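Shown next: data-v1.pdb, given as PDB, C-alpha atoms.
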MODEL        1
ATOM      1  CA  MET A 300     -43.647  54.005 -32.075
ATOM      2  CA  GLN A 301     -46.936  52.223 -31.569
ATOM      3  CA  THR A 302     -49.411  51.158 -34.213
ATOM      4  CA  THR A 303     -53.062  50.406 -33.644
ATOM      5  CA  HIS A 304     -54.776  47.541 -35.399
ATOM      6  CA  ALA A 305     -58.385  47.375 -36.457
ATOM      7  CA  LYS A 306     -59.605  45.611 -33.347
ATOM      8  CA  GLY A 307     -57.845  48.001 -30.980
ATOM      9  CA  THR A 308     -54.754  45.976 -30.268
ATOM     10  CA  SER A 309     -51.414  47.636 -30.321
ATOM     11  CA  ASP A 310     -47.965  46.397 -31.275
ATOM     12  CA  VAL A 311     -44.502  47.720 -30.567
ATOM     13  CA  SER A 312     -42.664  48.659 -33.717
ATOM     14  CA  SER A 313     -39.642  46.721 -34.882
ATOM     15  CA  THR A 314     -37.335  49.489 -33.650
ATOM     16  CA  ASN A 315     -37.839  48.166 -30.087
ATOM     17  CA  ARG A 316     -37.098  44.548 -31.025
ATOM     18  CA  GLY A 317     -33.796  42.709 -31.335
ATOM     19  CA  THR A 318     -32.428  41.417 -34.597
ATOM     20  CA  ASP A 319     -34.039  38.025 -34.036
ATOM     21  CA  GLY A 320     -37.445  39.536 -33.443
ATOM     22  CA  GLU A 321     -37.416  39.001 -29.639
ATOM     23  CA  ARG A 322     -37.786  41.710 -27.096
ATOM     24  CA  PRO A 323     -34.564  42.503 -25.149
ATOM     25  CA  ALA A 324     -36.299  41.639 -21.866
ATOM     26  CA  ALA A 325     -37.009  38.102 -23.146
ATOM     27  CA  ARG A 326     -33.384  37.556 -24.277
ATOM     28  CA  ALA A 327     -31.781  38.472 -20.925
ATOM     29  CA  PRO A 328     -32.927  35.366 -18.970
ATOM     30  CA  ARG A 329     -31.743  33.092 -21.784
ATOM     31  CA  ARG A 330     -28.359  34.804 -21.852
ATOM     32  CA  ILE A 331     -28.006  34.415 -18.063
ATOM     33  CA  ALA A 332     -29.073  30.758 -18.227
ATOM     34  CA  ARG A 333     -26.548  30.082 -21.005
ATOM     35  CA  ARG A 334     -23.739  31.732 -19.000
ATOM     36  CA  LEU A 335     -24.665  29.800 -15.848
ATOM     37  CA  ALA A 336     -24.647  26.529 -17.806
ATOM     38  CA  MET A 337     -21.183  27.321 -19.193
ATOM     39  CA  LEU A 338     -19.956  28.194 -15.679
ATOM     40  CA  ALA A 339     -21.347  24.886 -14.367
ATOM     41  CA  VAL A 340     -19.500  22.945 -17.079
ATOM     42  CA  VAL A 341     -16.214  24.751 -16.323
ATOM     43  CA  LEU A 342     -16.580  24.167 -12.561
ATOM     44  CA  SER A 343     -17.381  20.490 -13.164
ATOM     45  CA  MET A 344     -14.259  20.091 -15.293
ATOM     46  CA  ILE A 345     -12.105  21.771 -12.617
ATOM     47  CA  ALA A 346     -13.590  19.507  -9.919
ATOM     48  CA  LEU A 347     -12.934  16.416 -12.045
ATOM     49  CA  VAL A 348      -9.304  17.422 -12.619
ATOM     50  CA  LEU A 349      -8.811  18.033  -8.883
ATOM     51  CA  VAL A 350     -10.314  14.658  -7.964
ATOM     52  CA  VAL A 351      -7.992  12.869 -10.376
ATOM     53  CA  LEU A 352      -4.803  14.791  -9.552
ATOM     54  CA  LEU A 353      -5.035  15.396  -5.805
ATOM     55  CA  PRO A 354      -4.925  12.504  -3.339
ATOM     56  CA  GLY A 355      -7.791  12.367  -0.914
ATOM     57  CA  PRO A 356      -7.546  11.902   2.829
ATOM     58  CA  THR A 357      -6.349   8.555   4.123
ATOM     59  CA  ALA A 358      -9.306   6.404   4.995
ATOM     60  CA  PRO A 359      -9.486   4.843   8.446
ATOM     61  CA  GLY A 360      -9.313   1.344   6.915
ATOM     62  CA  THR A 361      -6.421  -1.042   6.472
ATOM     63  CA  LEU A 362      -3.189  -0.235   4.639
ATOM     64  CA  MET A 363      -0.795  -2.719   3.034
ATOM     65  CA  ALA A 364       2.858  -2.820   1.936
ATOM     66  CA  HIS A 365       4.866  -5.687   0.477
ATOM     67  CA  ARG A 366       8.410  -6.592  -0.518
ATOM     68  CA  SER A 367      10.265  -9.618  -1.820
ATOM     69  CA  ARG A 368      13.888 -10.540  -2.246
ATOM     70  CA  GLY A 369      15.697 -13.466  -3.784
ATOM     71  CA  GLY A 370      19.286 -14.641  -3.695
ATOM     72  CA  PRO A 371      21.513 -16.269  -1.111
ATOM     73  CA  ALA A 372      22.800 -14.626   2.076
ATOM     74  CA  THR A 373      24.569 -16.481   4.874
ATOM     75  CA  ILE A 374      22.801 -17.244   8.150
ATOM     76  CA  GLY A 375      25.403 -16.951  10.903
ATOM     77  CA  ALA A 376      25.847 -18.387  14.393
ATOM     78  CA  THR A 377      24.786 -14.965  15.720
ATOM     79  CA  CYS A 378      21.686 -12.991  14.750
ATOM     80  CA  THR A 379      21.869 -12.224  11.029
ATOM     81  CA  ARG A 380      19.634  -9.916   8.982
ATOM     82  CA  TYR A 381      18.658 -11.034   5.479
ATOM     83  CA  PRO A 382      19.736  -7.919   3.503
ATOM     84  CA  GLY A 383      16.913  -6.491   1.400
ATOM     85  CA  ALA A 384      14.281  -8.651   3.116
ATOM     86  CA  GLU A 385      12.446  -5.920   4.964
ATOM     87  CA  VAL A 386       9.146  -4.149   4.499
ATOM     88  CA  SER A 387       8.280  -0.579   5.502
ATOM     89  CA  ILE A 388       4.771   0.721   6.036
ATOM     90  CA  GLN A 389       3.575   4.245   6.781
ATOM     91  CA  VAL A 390       0.617   4.348   9.166
ATOM     92  CA  PRO A 391      -1.617   7.320  10.060
ATOM     93  CA  GLY A 392      -2.048   6.566  13.761
ATOM     94  CA  PRO A 393      -2.173   3.890  16.459
ATOM     95  CA  GLY A 394      -3.121   0.307  15.676
ATOM     96  CA  THR A 395      -1.501  -3.022  14.845
ATOM     97  CA  VAL A 396       0.765  -3.978  11.958
ATOM     98  CA  VAL A 397       0.561  -7.676  11.109
ATOM     99  CA  VAL A 398       3.530  -8.959   9.120
ATOM    100  CA  SER A 399       3.425 -12.250   7.258
ATOM    101  CA  ALA A 400       6.443 -13.681   5.490
ATOM    102  CA  THR A 401       7.492 -16.751   3.578
ATOM    103  CA  VAL A 402      11.225 -17.392   3.813
ATOM    104  CA  GLY A 403      13.250 -19.927   1.846
ATOM    105  CA  VAL A 404      16.157 -21.383   3.840
ATOM    106  CA  GLY A 405      19.035 -23.595   2.703
ATOM    107  CA  VAL A 406      20.904 -25.609   5.343
ATOM    108  CA  GLY A 407      24.323 -27.141   4.687
ATOM    109  CA  HIS A 408      23.832 -30.486   6.445
ATOM    110  CA  GLU A 409      26.353 -33.163   7.375
ATOM    111  CA  PHE A 410      25.311 -36.641   8.543
ATOM    112  CA  GLY A 411      25.746 -37.029  12.316
ATOM    113  CA  PHE A 412      25.134 -33.352  13.189
ATOM    114  CA  ASP A 413      21.878 -31.592  14.062
ATOM    115  CA  ASP A 414      21.160 -28.313  12.261
ATOM    116  CA  GLU A 415      18.657 -25.777  13.551
ATOM    117  CA  PRO A 416      18.152 -22.352  12.019
ATOM    118  CA  ARG A 417      15.652 -20.059  13.753
ATOM    119  CA  ILE A 418      13.925 -17.474  11.577
ATOM    120  CA  VAL A 419      12.002 -14.409  12.805
ATOM    121  CA  VAL A 420      10.263 -11.275  11.623
ATOM    122  CA  ALA A 421      11.296  -8.429  13.925
ATOM    123  CA  ALA A 422      11.067  -4.656  14.325
ATOM    124  CA  SER A 423      14.870  -4.521  14.598
ATOM    125  CA  SER A 424      17.545  -5.862  12.260
ATOM    126  CA  THR A 425      19.391  -7.342  15.257
ATOM    127  CA  ASP A 426      16.504  -9.104  17.029
ATOM    128  CA  CYS A 427      16.462 -12.907  16.910
ATOM    129  CA  SER A 428      14.585 -13.353  20.202
ATOM    130  CA  LEU A 429      13.063 -16.745  20.805
ATOM    131  CA  ASN A 430       9.291 -16.300  21.201
ATOM    132  CA  ASN A 431       5.982 -17.763  20.043
ATOM    133  CA  TYR A 432       6.489 -16.201  16.594
ATOM    134  CA  THR A 433       9.903 -17.823  15.947
ATOM    135  CA  ALA A 434      10.035 -20.424  13.166
ATOM    136  CA  PHE A 435      12.367 -23.400  13.476
ATOM    137  CA  VAL A 436      13.903 -25.576  10.788
ATOM    138  CA  SER A 437      15.141 -28.838  12.242
ATOM    139  CA  VAL A 438      17.462 -31.046  10.208
ATOM    140  CA  PRO A 439      18.196 -34.110  12.363
ATOM    141  CA  ALA A 440      21.641 -35.735  12.531
ATOM    142  CA  THR A 441      20.211 -38.977  11.095
ATOM    143  CA  LEU A 442      19.550 -37.428   7.673
ATOM    144  CA  PRO A 443      22.206 -38.072   5.019
ATOM    145  CA  THR A 444      24.663 -35.347   4.096
ATOM    146  CA  ASP A 445      23.100 -32.685   1.885
ATOM    147  CA  PRO A 446      25.049 -29.567   0.877
ATOM    148  CA  VAL A 447      21.812 -27.548   0.734
ATOM    149  CA  HIS A 448      18.751 -28.941   2.491
ATOM    150  CA  PHE A 449      15.897 -26.586   1.464
ATOM    151  CA  GLU A 450      12.939 -25.610   3.640
ATOM    152  CA  THR A 451      10.259 -22.932   3.296
ATOM    153  CA  VAL A 452       9.304 -21.180   6.518
ATOM    154  CA  PRO A 453       5.989 -19.315   7.061
ATOM    155  CA  LEU A 454       5.963 -16.476   9.595
ATOM    156  CA  LEU A 455       3.190 -14.332  11.054
ATOM    157  CA  ARG A 456       3.619 -11.702  13.760
ATOM    158  CA  PRO A 457       1.587  -8.730  15.046
ATOM    159  CA  PHE A 458       3.302  -5.499  16.109
ATOM    160  CA  PRO A 459       1.349  -2.888  18.101
ATOM    161  CA  VAL A 460       2.082   0.720  17.062
ATOM    162  CA  SER A 461       1.244   3.640  19.343
ATOM    163  CA  SER A 462       1.368   6.482  16.822
ATOM    164  CA  GLY A 463       1.514   7.355  13.150
ATOM    165  CA  GLY A 464       4.820   7.072  11.302
ATOM    166  CA  THR A 465       6.897   4.722   9.181
ATOM    167  CA  TYR A 466       7.723   1.307  10.600
ATOM    168  CA  THR A 467      10.150  -1.249   9.147
ATOM    169  CA  TYR A 468      10.163  -4.998   9.776
ATOM    170  CA  TYR A 469      13.059  -7.362   9.037
ATOM    171  CA  VAL A 470      13.683 -11.041   8.345
ATOM    172  CA  ASN A 471      16.437 -12.227  10.692
ATOM    173  CA  GLY A 472      17.881 -15.629  11.458
ATOM    174  CA  VAL A 473      20.416 -17.459  13.587
ATOM    175  CA  MET A 474      21.891 -20.944  13.364
ATOM    176  CA  ALA A 475      21.161 -22.213  16.885
ATOM    177  CA  ARG A 476      22.955 -25.512  16.106
ATOM    178  CA  GLY A 477      25.161 -26.783  13.292
ATOM    179  CA  ALA A 478      26.306 -23.463  11.797
ATOM    180  CA  ASP A 479      28.506 -23.710   8.702
ATOM    181  CA  ALA A 480      29.188 -21.743   5.516
ATOM    182  CA  GLY A 481      26.407 -23.578   3.632
ATOM    183  CA  ASP A 482      23.590 -22.181   5.812
ATOM    184  CA  ARG A 483      21.718 -19.419   4.056
ATOM    185  CA  PHE A 484      18.601 -17.443   3.327
ATOM    186  CA  ASP A 485      17.445 -18.023  -0.262
ATOM    187  CA  SER A 486      14.301 -15.915  -0.652
ATOM    188  CA  ALA A 487      11.741 -13.918   1.281
ATOM    189  CA  SER A 488       8.341 -12.392   0.574
ATOM    190  CA  LEU A 489       6.812 -10.070   3.167
ATOM    191  CA  VAL A 490       3.412  -8.416   3.510
ATOM    192  CA  ALA A 491       2.651  -5.841   6.220
ATOM    193  CA  VAL A 492      -0.977  -4.892   6.908
ATOM    194  CA  PHE A 493      -2.011  -2.050   9.235
ATOM    195  CA  TYR A 494      -5.233  -2.295  11.245
ATOM    196  CA  PRO A 495      -6.244   0.956  12.990
ATOM    197  CA  SER A 496      -7.378   0.861  16.618
TER     198      SER A 496
ENDMDL
END
Could you write out this file's structure as C-alpha cells?
Amino acid sequence: MQTTHAKGTSDVSSTNRGTDGERPAARAPRRIARRLAMLAVVLSMIALVLVVLLPGPTAPGTLMAHRSRGGPATIGATCTRYPGAEVSIQVPGPGTVVVSATVGVGVGHEFGFDDEPRIVVAASSTDCSLNNYTAFVSVPATLPTDPVHFETVPLLRPFPVSSGGTYTYYVNGVMARGADAGDRFDSASLVAVFYPS
C-alpha cells in the first residue's frame, strides 16, 4: 500500500517494513556481515588452537640435546664406558654433530707410579681410540700418594652424519698406565649440537 504526500512523494506503508523499521533489503547485508564476522572469529580460534597444539616443521637450524650424570664408576685397564654418561640427538638430515663434555675423573695414585687415564667422547660405547680429541690426565710418579686425585677433563669432538636419525655419543675411558681399583669417573655433562649441511 502506497500513500502520497502533499508534495507528491510516496512512502511504503509499514506493512512492507521489518519490526525495527528497516526494509528487509537493508537488513540482509548486515546479517551477512555479522555471520561472516562470527565465522572469522571461529576460524581464528581454530587456527590459534592448532598453532599451539600441533608442532610445526623442524627448522633447518641447529638442534641441541644434553645429559649429565654423577656418581662413581670404575675406569678399567681396557676401554670402559661411563654408564649413563651418553647423549642422544635426533637429526633431520646430513650435517655435523658437535659434542662437548666435561668429565670429572678420580685417580687412585701411589707415590712412585705414573697414572694416565685417557678420556674420550665416541660414537660407540667400546671406542677408546687415541686421536686428536682424546683427553689425558697425567699424574706423575713424583706426586705423593693420594687415594683420589681429582681432575676435570674438557672434551670437544665433531661427528659427521650422513642422514637423518638418532645418534648416541658416549663418554669412555681407559687407564693407559697405573690402573687400580681407585680409578674412576665421578661426573659427566654432555651437550650435543647438530649443524645441518
Could you list the residues chosen by the PyMOL selection byres ((chain A and resi 391) around 12) in this structure as a VMD selection string?
chain A and resid 356 to 362 388 to 390 392 to 396 460 to 466 493 to 496
Gap from atom CA of Ala422 of chain A to atom CA of Phe484 of chain A - Å, one decimal:
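Interatomic distance, atom CA of Ala422 of chain A to atom CA of Phe484 of chain A: 18.5 Å.
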Which is closest to Arg368 of chain A among A:Glu385, A:Glu450, A:Asp479, A:Asp426, if we use all atoms listed in the file?
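Between A:Glu385, A:Glu450, A:Asp479, A:Asp426, the residue approaching Arg368 of chain A most closely is A:Glu385.
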Under the PyMOL selection byres ((chain A and resi 369) around 9), which residues of this model are included? Write them out as a list in words.
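Against this file, the PyMOL selection byres ((chain A and resi 369) around 9) returns the residues Ser367, Arg368, Gly370, Pro371, Gly383, Ala384, Gly403, Phe484, Asp485, Ser486, Ala487 and Ser488 of chain A.
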Pick out the closest residue to Gly477 of chain A from this set: A:Leu455, A:Ala376, A:Val386, A:Leu442. Count all atoms listed in the file.
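Answer, going by the shortest atom-to-atom distance: A:Ala376.
Distances from A:Val452, A:Met363, A:Cys378, A:Val436 to Val490 of chain A were compared using all atoms listed in the file, and the smallest one belongs to A:Met363.
The two atoms in question, atom CA of Ala478 of chain A and atom CA of Glu409 of chain A, are spaced 10.7 Å apart.
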Within 10 Å of Arg476 of chain A, counting all atoms listed in the file, which residues qualify if same-chain residues fewer than 3 places away don't, as an MDAnalysis selection string?
chainID A and resid 376 412:417 437:438 473 479
How far is it from atom CA of Ala434 of chain A to atom CA of Val402 of chain A, in Å with one decimal?
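Atom CA of Val402 of chain A lies 9.9 Å from atom CA of Ala434 of chain A.
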Tell me which protein, DNA and RNA residues are within 8 Å of Thr373 of chain A, counting all atoms listed in the file, leaving out same-chain ones fewer than 3 positions away, and put them as a PyMOL selection string.
chain A and resi 379+480-484
How would the residues just picked look written out with C-alpha atoms as an mmCIF file, in the coordinates of the input?
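After the write, part.cif holds the following:
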data_model
loop_
_atom_site.group_PDB
_atom_site.id
_atom_site.type_symbol
_atom_site.label_atom_id
_atom_site.label_comp_id
_atom_site.auth_asym_id
_atom_site.auth_seq_id
_atom_site.Cartn_x
_atom_site.Cartn_y
_atom_site.Cartn_z
ATOM 1 C CA THR A 379 21.869 -12.224 11.029
ATOM 2 C CA ALA A 480 29.188 -21.743 5.516
ATOM 3 C CA GLY A 481 26.407 -23.578 3.632
ATOM 4 C CA ASP A 482 23.590 -22.181 5.812
ATOM 5 C CA ARG A 483 21.718 -19.419 4.056
ATOM 6 C CA PHE A 484 18.601 -17.443 3.327
#
Give me the residues near Tyr381 of chain A as an MDAnalysis selection string, where near means some atom within 8 Å (using all atoms listed in the file) and where sequence neighbours in that chain fewer than 3 positions away do not count.
chainID A and resid 372 374 384 469:472 484
Each side padded by 6 Å, which centre and which edge lengths in Å (one decimal) define the axis-aligned box around the listed atoms of segment 407-421 of chain A? Give them as AutoDock Vina command-line options.
--center_x 18.3 --center_y -22.7 --center_z 9.4 --size_x 28.1 --size_y 40.6 --size_z 21.4
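Nearest residue to Pro457 of chain A among A:Val397, A:Pro439, A:Val341, A:Val351 is A:Val397, counting all atoms listed in the file.
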If we count only C-alpha atoms and set the cut-off at 8 Å, which residues sit around Phe410 of chain A, ignoring sequence neighbours fewer than 4 positions away in its own chain? Please answer as an MDAnalysis selection string.
chainID A and resid 440:444
